[in-house]
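A quick write-up on the structure given underneath.
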Amino acid sequence: MANISINKKLFEKEIGKLDEKMQNKVAMFGTTVESVSDTDFEINVNPNRPDLLSYQGFKRSFLSFLGKQKGLKEYKVNKPEKDYSVIIDSSVKNIRPYTACAIVRGLKFDDEKIKEIIDVQEKLHFTVGRKRKKLAIGIYPLEKIKLPITFKALEPDKIKFIPLESDREMSGLQILQRHPTGREYAHLLAGKSKFPIFVDAENNVLSMPPIINSQKTGKITEETTDVFVECSGFDFSVLQKCLNMIVTILADMGGKIYQMELKEGGKKKITPDLTPEKMKLNIQNANSLLGLNLNEKQVKEFIEKMGHNYNKGIVEIPSWRTDMLHEVDLIEDIAIAYGYENFIPEIPEISTVGKESGKEIIKRKIAEILTGLNILETSSYHLTSKSDQFKKMSMPEENAVEIEASKTDYTILRKDLSHYLMKILSENVDSEYPQKIFETGKVFSNYKETESLALAVAPANFTEVRQILEYLSRMLNVEIKITEPESKIPNYFIEGRTAEIFLMNGLREDKKEKSIGFLGEIHPKILKNWKIKMPVSLFEISLEEIFRKLE
Amino acid sequence: MDEKLIESLSPNERKILPYLKENIDEICRQSKLDKTSVLRALEYLENKKLITLSKERKKTVELGVNGALYRKKELPERRLLNLLNEKRILKLDEAQRQSGLSTEEFKASIGALKKKALIEIKNEKLVLTGSGDEISRKTLEELFIEMLPMEYHLLSPEQLYSLKSLEKRKDIVQIREEELISINITKLGEEIIKSNRGVGDLIEGVTPKLLERESAWRGKKFRRYDVTSPLPSINGGKRHFVNQATDYMRKIWTQMGFQEMSGDIMQSSFWVFDALFTAQDHPVREMQDTFFINKKVELSDRKIVKAVKEAHEKGIGGSKGWGYEWSEEEAKKLVLRTHTTALSAHTLANLDKKNIPAKFFAVGKCFRNETVDWSHGFEFNQTEGIVVAPNLNFRNLLGYLQEFFRKMGFEKVRFRPSYFAYTEPSVEIDVWHPEKKIWFELGGAGILRPEVVIPLFGENITVLAWGPGDRTVMDYYGIKNYREMYENNLNKLRKIKFWTK
């Protein structure tokens, strides 16, 4: 999601007073007011509406929503003049295959407008452009450029120009290595033998997309009146939409849109194309999905409020809208125009029977039994650190599920709950004793997840914790067997004071008991690792077999 | 006369009552109670306004271990002086040997005598220089030691001077501080003392022994308790507060006829994103946002995979789709679920058409690759509901939402337009916070897009879906910092109130 900042004075002059009622209108348009200062306010734009990422784009749509404009806003698009063309060289084919271009003339830039244009360019790079990966936009002062323009790819060391915010000529490679913007986006050209560039008729480099423009030919100033606009990238239809967003913003600022001819081999394309897209709308579908009873006149009114045209079941959608994939998208626009606040909520009469998950019921019963013994339930993160899970518990780093690129020290999924209980005891040594805690939840090993129960008491010996476990098994009516360990005990227990826990006659074919965990006294070396100065006894059992037995 | 008051006196209080005019030591002796019991009983009597206690801190100068010894055997410097008075001149080592002083005492004595100009050291020899009168006169320190113990505030300037110089030496003097308690009997106290004599034995407690014989208690009075006196608090076992809240949500859902869904936290990208029409280049599918696990899982349901691919690439059920080449490899990547909607996707895929209408819910942990700060962390609880039936509409969605949040305690709910890749229309739910007087964003909802429903369910049907996060829980418990949710501070867990909805 992206926020845009709007000048309050400008808004109040061109749209209306920004009082509480208006702020509510802005929210009900789907663009919540996030913050208001003395001079500006910020609105939040949802990712499906990149066309609202500039003041001009927002104003155009919002005025319709308020009913101050009606239907699809028309823009005059002038045919290409002489040399208004871009030659697309075949060398870009496997590097950056597409571009969509336009010229806009007769602009009067001031500080505010230049800022808005740079701002929307950046926001579109970030959103629709997926941080320039999918698409990049360039806007150039026409007075510095000799038409026609060529889009081609060259070996990086053959590319030489002064990039923006620099005073020296650099090669393509040097820009990626030395220029701050070059370094930030270098990964987008990594591994390419040739870099794409736009050059003018005198072979001056305009830019090296998606990295940077030329300082000489790629910077708009207050003197600029005519501009060349290009979008380059990998999806021609998205480039066209994006170009349409930019040229209509420039047109709203007072410019005249001119098309350009794109020549690729023998083929020719003309951009921009502001022809509205047509989509069918069935009024019955709209009414049934929204629970309303609108007639065609009302539907037309609402559709037009959202900046479209409506004519006999056909909607004309602005060429800069990217979010109209299906009729339901039109229906949502109708809902917004109708006003979310005007819908009367109504629970339908659908009779179904509620049901909880059996596992959750058993977990709750276990919690009731244990809290009845004055034991506190804790709740820990599913992620944990290797140090807590392995080092402090003196366990080998095995079978852990690692997560990639974690922003914290929590880099694996917990393998057990026991180490978390030890961590809790360790963090609460100043709290009153005895400390009795338990937790149920998922544990992860070998890319499998299972439900587990762990319980720890400090101070306590083997007997006390065994009594708790035996009480629990009696109350759940599941038979367990506590035996000398048959498999290797976890390193954190004291040898000779650890038992293995078996569930009797699990619902297994062979009727054999199944090991579900261990119970024992924690070894002093582990207590030392955790800085615990009390004896601790603990058990942890897998709940999966118990679920199977009880469900 | 306040009879109840008399009856409320504990045995110890009654025992000391007759001796309140004495000092504390005397009270202990007379009542045969130890000092701690007497002091405690006095405090209780003060609480009951029978007496007032005035406390005063007193500093006393006393002899230390060495001081007591020196009073008997004379100070080391006196002993050295006496020796010199006899011998006049002595070699240093000779002097120490003959005086019988330790090295420490010897050094201190020389220092003290030199300061008073009674001796000199010449060529490793001690020479007596003081006159007979000076030698025989007792020093200030000696006089002071004889006077001890003394109250600190009564010391004269000379005595203070002596104290200062003796304090520097080991264990000769020490200052003891004590609290002197004096008892003043109030008018009420006087009356009670007088009438106390008339009260017979009170029963202290109901014990098995007392119950043996009826005559032991029949017609007798029990010692009254101070039923209002403050007590140390006790704590019980209890469920974690977040689990109390999620259990309540389960209750709301089941009351409304919803069936619980459960499932894995580790899910393929397919179920978390692709099946929910989230394009493969969507930023949420980057490691920056989502926890990926370095593993790919096979996608078994080929029919659904094929339909999802079609929905993304060219659209399904009248949609244009996203128009890109969908990669199955990308969909195989294992992630930690970012929302419980992944469970809804599984449920829709497994739902038999015969079982419609159907309502499902889930409550569960979800994950985002984030740092932890006051407002959020990498884990959060989400609760999710879906309603599957033909001919449901947007108003029905709002109806369920309004009811759910009412049950969560929010009377005023606002719906506004929003965006999610898998719903259309989409709605954001705000609730009105009556104390803070702000709208408070609680989560998203919508009607699942045909591009989601058709591949999973096989045909289009309206599916209402919503999934608010755990801000309601934080708000209910007044928790301002997200970190407190899972910090497991036992003191706080013991004190936190129950979820009482």
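So you can find residues: chains in the structure tokens are A, B, ... in the order shown, residues in each start at 1, and ligands are numbered from 1 in order.
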What residues in chain B have any atom no more than 7 Å from chain A when counting only C-alpha atoms, and can you write them as an NGL selection string?
:B and (236-240 or 254-261 or 287 or 291-294 or 318-321 or 358-359 or 369-371 or 391-396 or 398-400 or 415-419 or 424-425 or 486 or 488-491)
Write out as a PyMOL selection string which residues come within 10 Å of Tyr324 in chain B when counting only C-alpha atoms, dropping same-chain ones fewer than 2 positions away.
(chain A and resi 235) or (chain B and resi 279-281+309+312-314+321-322+326-327)
For Ser64 in chain A, which of A:Gly307, A:Pro490, A:Gly182, A:Gly441 is the closest residue, counting only C-alpha atoms?
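The shortest atom-to-atom distance to Ser64 in chain A comes from A:Gly307.
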Could you give me the residues within range 123-372 of chain A that DSSP places in strand (DSSP E or B), as a ChimeraX atom specification?
/A:135-141,149-154,160-161,163,170-171,195-199,205-208,212-214,227-233,256-264,267-271,277-280,309-311,314-317,355
Shortest interatomic distance to Leu107 in chain A - which of A:Glu261, A:Asp252, A:Glu277, A:Glu397, counting only C-alpha atoms
A:Asp252
Find the distance between CA of Glu435 in chain B and CA of Lys407 in chain B and write it in Å to one decimal.
18.0 Å
Restricting the calculation to only C-alpha atoms, which member of B:Leu42, B:Leu5, B:Val127, B:Leu276 is positioned closest to Ile110 in chain B?
B:Val127
Please identify the alpha helix (DSSP H) residues within range 277-395 of chain A (assignment by DSSP from backbone atoms) and present them as a ChimeraX atom specification.
/A:283-290,296-305,327-338,358-371,386
Could you jot down the CA of Lys187 in chain B to CA of Thr228 in chain B separation for me, Å, one decimal place?
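Taking CA of Lys187 in chain B and CA of Thr228 in chain B, their separation equals 23.5 Å.
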Can you pull out every residue within 6 Å of Phe302 in chain A, counting only C-alpha atoms, but drop anything in the same chain fewer than 3 positions away, and send it as a list in words?
Val299, Lys305, Ile334 and Ala337 of chain A
With only C-alpha atoms as the counted atoms, please give the residues lying no more than 9 Å from Asp93 in chain B, apart from itself and same-chain residues fewer than 4 positions off, as a list in words.
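Using only C-alpha atoms, the neighbours found are Arg97, Gln98, Glu124 and Lys125 of chain B.
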Let me see the file: selected residues, N, CA and C atoms, as a PDB file, in the first residue's frame.
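Generated file (again.pdb):
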ATOM      1  N   ARG B  97      58.854  -5.943  71.981  1.00  0.00           N
ATOM      2  CA  ARG B  97      58.911  -7.247  72.629  1.00  0.00           C
ATOM      3  C   ARG B  97      58.490  -7.141  74.098  1.00  0.00           C
ATOM      4  N   GLN B  98      59.090  -6.120  74.774  1.00  0.00           N
ATOM      5  CA  GLN B  98      58.839  -6.020  76.213  1.00  0.00           C
ATOM      6  C   GLN B  98      57.408  -5.578  76.536  1.00  0.00           C
ATOM      7  N   GLU B 124      66.437   4.835  65.755  1.00  0.00           N
ATOM      8  CA  GLU B 124      65.772   3.537  65.960  1.00  0.00           C
ATOM      9  C   GLU B 124      65.479   3.271  67.439  1.00  0.00           C
ATOM     10  N   LYS B 125      65.476   4.338  68.239  1.00  0.00           N
ATOM     11  CA  LYS B 125      65.197   4.132  69.667  1.00  0.00           C
ATOM     12  C   LYS B 125      64.043   5.015  70.095  1.00  0.00           C
TER      13      LYS B 125
END
Quick one, how far is CA of Lys32 in chain B from CA of Ile181 in chain B?
18.8 Å
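Neighbours of Val284 in chain B closer than or equal to 10 Å, with only C-alpha atoms counted and sequence neighbours fewer than 4 positions away skipped, come out as Phe273, Thr278, Ala279, Gln280, Gln288, Asp289, Thr290, Thr338, Arg368 and Asn369 of chain B.
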Would you output that residue set with N, CA and C atoms, as a short mmCIF file (atom, residue, chain, number, x, y, z; two decimals), in the first residue's frame?
data_model
loop_
_atom_site.label_atom_id
_atom_site.label_comp_id
_atom_site.auth_asym_id
_atom_site.auth_seq_id
_atom_site.Cartn_x
_atom_site.Cartn_y
_atom_site.Cartn_z
N PHE B 273 -1.20 -18.35 -1.58
CA PHE B 273 -1.26 -17.24 -2.55
C PHE B 273 -1.97 -17.60 -3.86
N THR B 278 -3.47 -14.48 -5.91
CA THR B 278 -2.43 -13.49 -5.66
C THR B 278 -1.31 -13.74 -6.68
N ALA B 279 -1.12 -12.77 -7.57
CA ALA B 279 -0.18 -12.94 -8.68
C ALA B 279 1.22 -13.28 -8.15
N GLN B 280 1.96 -14.00 -8.95
CA GLN B 280 3.24 -14.51 -8.47
C GLN B 280 4.30 -13.41 -8.31
N GLN B 288 11.04 -10.54 1.84
CA GLN B 288 10.91 -9.36 2.69
C GLN B 288 9.64 -9.40 3.53
N ASP B 289 8.59 -10.04 2.97
CA ASP B 289 7.28 -9.97 3.61
C ASP B 289 6.84 -11.29 4.24
N THR B 290 7.25 -12.38 3.64
CA THR B 290 6.73 -13.69 4.03
C THR B 290 7.89 -14.59 4.42
N THR B 338 0.42 -16.84 5.82
CA THR B 338 0.33 -15.42 6.15
C THR B 338 -1.09 -15.05 6.57
N ARG B 368 4.32 -13.16 9.47
CA ARG B 368 4.86 -12.21 8.49
C ARG B 368 6.29 -11.92 8.83
N ASN B 369 7.13 -11.78 7.84
CA ASN B 369 8.54 -11.50 8.12
C ASN B 369 8.69 -10.04 8.57
#
Close residues, Leu351 in chain B itself excluded, 12 Å, only C-alpha atoms, min 3 positions apart in chain, as a PyMOL selection string
chain B and resi 261+344-348+354-360+387-389+453+456-459
Pull N, CA and C atoms from the residues just selected and write them as a CSV table (one decimal), in the first residue's frame.
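Here's the written file out10.csv:
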chain,number,residue,atom,x,y,z
B,261,MET,N,-12.3,-25.1,11.2
B,261,MET,CA,-11.3,-25.7,10.3
B,261,MET,C,-10.0,-25.6,11.0
B,344,SER,N,-9.3,-21.8,4.5
B,344,SER,CA,-10.6,-21.7,3.7
B,344,SER,C,-10.4,-22.2,2.3
B,345,ALA,N,-9.3,-22.0,1.7
B,345,ALA,CA,-9.1,-22.5,0.3
B,345,ALA,C,-9.1,-24.0,0.3
B,346,HIS,N,-8.4,-24.6,1.3
B,346,HIS,CA,-8.5,-26.1,1.4
B,346,HIS,C,-9.9,-26.6,1.6
B,347,THR,N,-10.6,-25.9,2.5
B,347,THR,CA,-12.0,-26.3,2.8
B,347,THR,C,-12.9,-26.2,1.6
B,348,LEU,N,-12.7,-25.1,0.8
B,348,LEU,CA,-13.5,-25.0,-0.4
B,348,LEU,C,-13.2,-26.1,-1.4
B,354,LYS,N,-23.1,-31.4,-1.9
B,354,LYS,CA,-24.3,-31.8,-1.2
B,354,LYS,C,-24.4,-31.1,0.2
B,355,ASN,N,-23.2,-30.7,0.7
B,355,ASN,CA,-23.2,-30.1,2.0
B,355,ASN,C,-23.4,-28.6,2.1
B,356,ILE,N,-23.9,-28.1,1.0
B,356,ILE,CA,-24.1,-26.6,1.0
B,356,ILE,C,-25.6,-26.4,1.4
B,357,PRO,N,-25.9,-25.4,2.1
B,357,PRO,CA,-25.0,-24.3,2.6
B,357,PRO,C,-24.1,-24.7,3.7
B,358,ALA,N,-23.0,-24.1,3.9
B,358,ALA,CA,-22.0,-24.4,4.9
B,358,ALA,C,-21.3,-23.2,5.4
B,359,LYS,N,-21.0,-23.2,6.7
B,359,LYS,CA,-20.3,-22.1,7.3
B,359,LYS,C,-19.1,-22.7,8.1
B,360,PHE,N,-17.9,-22.0,7.9
B,360,PHE,CA,-16.7,-22.5,8.5
B,360,PHE,C,-16.0,-21.4,9.2
B,387,VAL,N,-18.8,-18.2,4.6
B,387,VAL,CA,-20.1,-18.7,4.4
B,387,VAL,C,-20.3,-19.1,3.0
B,388,VAL,N,-20.7,-20.3,2.7
B,388,VAL,CA,-20.8,-20.8,1.3
B,388,VAL,C,-22.2,-21.1,1.0
B,389,ALA,N,-22.9,-20.4,0.2
B,389,ALA,CA,-24.3,-20.7,-0.2
B,389,ALA,C,-24.6,-20.0,-1.5
B,453,VAL,N,-13.0,-19.0,-6.5
B,453,VAL,CA,-14.0,-20.0,-6.2
B,453,VAL,C,-14.1,-21.1,-7.2
B,456,LEU,N,-11.4,-23.9,-7.2
B,456,LEU,CA,-11.4,-24.7,-5.9
B,456,LEU,C,-12.7,-25.5,-5.8
B,457,PHE,N,-13.8,-24.8,-6.1
B,457,PHE,CA,-15.1,-25.5,-5.9
B,457,PHE,C,-15.7,-26.1,-7.1
B,458,GLY,N,-15.1,-25.7,-8.3
B,458,GLY,CA,-15.6,-26.3,-9.5
B,458,GLY,C,-16.6,-25.5,-10.2
B,459,GLU,N,-17.3,-24.6,-9.5
B,459,GLU,CA,-18.3,-23.7,-10.1
B,459,GLU,C,-18.3,-22.4,-9.3
Find the spatial neighbours of Glu112 in chain A, counting only C-alpha atoms, within a cut-off of 12 Å - ignore same-chain residues fewer than 3 positions away - and output them as a list in words.
Ser5, Ile6, Asn7, Leu10, Ser54, Tyr55, Gln56, Lys108, Phe109, Lys115, Glu116, Ile117, Ile118, Asp119, Thr221, Glu222 and Met253 of chain A
